[in-house]
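Below: one structure, written as structure tokens.
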Amino acid sequence: MQRFIIRALIFTIATLSFLACSNIDDFPQIEDKSNNACKLPSGQTVKDGFAGKDGGNNNCNYCNCSNGEYTCTEKSCR
């Protein structure tokens with residue numbers, strides 16, 4: 001009985017180790033931020049340092065582009 005428990009534990013540990021390692025991406029996606037521009041949801045691109053109102057249905061929110069990250073306030077626009 002003790003041998004069975006030890007084998008079951010070894011099998012469980014080996015299986016969990018395999019599953020934990022199998023989630024690693026073989027080909028990770030590397031985002032090119034060399035120019036630090038930001039691509040807006042509309043498809044428009046703005047340069048690093050942009051600060052101002054967003055466009056379209058989100059025009060009541062203030063946004064900025066910093067180091068390739070585009071962030072906006074989250075007001076509900078009407």
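Just remember, in the structure tokens the first chain shown is A, the second B, etc., residues are 1-based per chain, and ligands are 1-based in the order shown.
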Please provide as a list in words all residues within 9 Å of range 67-70 of chain A, with the sequence filter that same-chain residues fewer than 3 positions apart are discarded (counting only C-alpha atoms).
Lys33, Ser34, Asn35, Asn36, Ala37, Cys38, Lys39, Leu40, Lys47, Asp48, Gly49, Cys63 and Asn64 of chain A
Since we have the selection now, will you write its residues out, keeping N, CA and C atoms, as a PDB file, in the first residue's frame?
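Below is the file again.pdb, written as the result:
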```
ATOM      1  N   LYS A  33       8.370  48.545 -29.743  1.00  0.00           N
ATOM      2  CA  LYS A  33       8.070  49.886 -29.248  1.00  0.00           C
ATOM      3  C   LYS A  33       9.277  50.795 -29.447  1.00  0.00           C
ATOM      4  N   SER A  34      10.055  50.537 -30.482  1.00  0.00           N
ATOM      5  CA  SER A  34      11.279  51.304 -30.692  1.00  0.00           C
ATOM      6  C   SER A  34      11.002  52.777 -30.939  1.00  0.00           C
ATOM      7  N   ASN A  35       9.867  53.097 -31.567  1.00  0.00           N
ATOM      8  CA  ASN A  35       9.562  54.509 -31.791  1.00  0.00           C
ATOM      9  C   ASN A  35       8.588  55.037 -30.744  1.00  0.00           C
ATOM     10  N   ASN A  36       8.128  54.183 -29.850  1.00  0.00           N
ATOM     11  CA  ASN A  36       7.239  54.544 -28.746  1.00  0.00           C
ATOM     12  C   ASN A  36       5.936  55.186 -29.189  1.00  0.00           C
ATOM     13  N   ALA A  37       5.533  55.015 -30.453  1.00  0.00           N
ATOM     14  CA  ALA A  37       4.251  55.529 -30.915  1.00  0.00           C
ATOM     15  C   ALA A  37       3.138  54.670 -30.335  1.00  0.00           C
ATOM     16  N   CYS A  38       1.938  55.223 -30.296  1.00  0.00           N
ATOM     17  CA  CYS A  38       0.783  54.493 -29.784  1.00  0.00           C
ATOM     18  C   CYS A  38      -0.244  54.355 -30.898  1.00  0.00           C
ATOM     19  N   LYS A  39      -0.793  53.167 -31.021  1.00  0.00           N
ATOM     20  CA  LYS A  39      -1.853  52.933 -31.993  1.00  0.00           C
ATOM     21  C   LYS A  39      -3.184  52.964 -31.260  1.00  0.00           C
ATOM     22  N   LEU A  40      -4.066  53.849 -31.683  1.00  0.00           N
ATOM     23  CA  LEU A  40      -5.368  54.009 -31.064  1.00  0.00           C
ATOM     24  C   LEU A  40      -6.322  52.936 -31.562  1.00  0.00           C
ATOM     25  N   LYS A  47       2.237  60.056 -31.844  1.00  0.00           N
ATOM     26  CA  LYS A  47       3.630  60.000 -31.392  1.00  0.00           C
ATOM     27  C   LYS A  47       3.711  59.961 -29.870  1.00  0.00           C
ATOM     28  N   ASP A  48       4.836  59.445 -29.379  1.00  0.00           N
ATOM     29  CA  ASP A  48       5.119  59.450 -27.952  1.00  0.00           C
ATOM     30  C   ASP A  48       5.065  60.883 -27.454  1.00  0.00           C
ATOM     31  N   GLY A  49       4.414  61.094 -26.332  1.00  0.00           N
ATOM     32  CA  GLY A  49       4.291  62.435 -25.769  1.00  0.00           C
ATOM     33  C   GLY A  49       2.947  63.075 -26.063  1.00  0.00           C
ATOM     34  N   CYS A  63      -6.485  61.751 -22.993  1.00  0.00           N
ATOM     35  CA  CYS A  63      -5.586  60.610 -23.191  1.00  0.00           C
ATOM     36  C   CYS A  63      -4.151  61.073 -23.364  1.00  0.00           C
ATOM     37  N   ASN A  64      -3.224  60.133 -23.198  1.00  0.00           N
ATOM     38  CA  ASN A  64      -1.827  60.434 -23.482  1.00  0.00           C
ATOM     39  C   ASN A  64      -1.097  59.177 -23.942  1.00  0.00           C
TER      40      ASN A  64
END
```
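Closest approach to Cys77 in chain A from the set A:Val46, A:Ile5, A:Cys60, A:Cys65 is made by A:Cys60, with distances taken over only C-alpha atoms.
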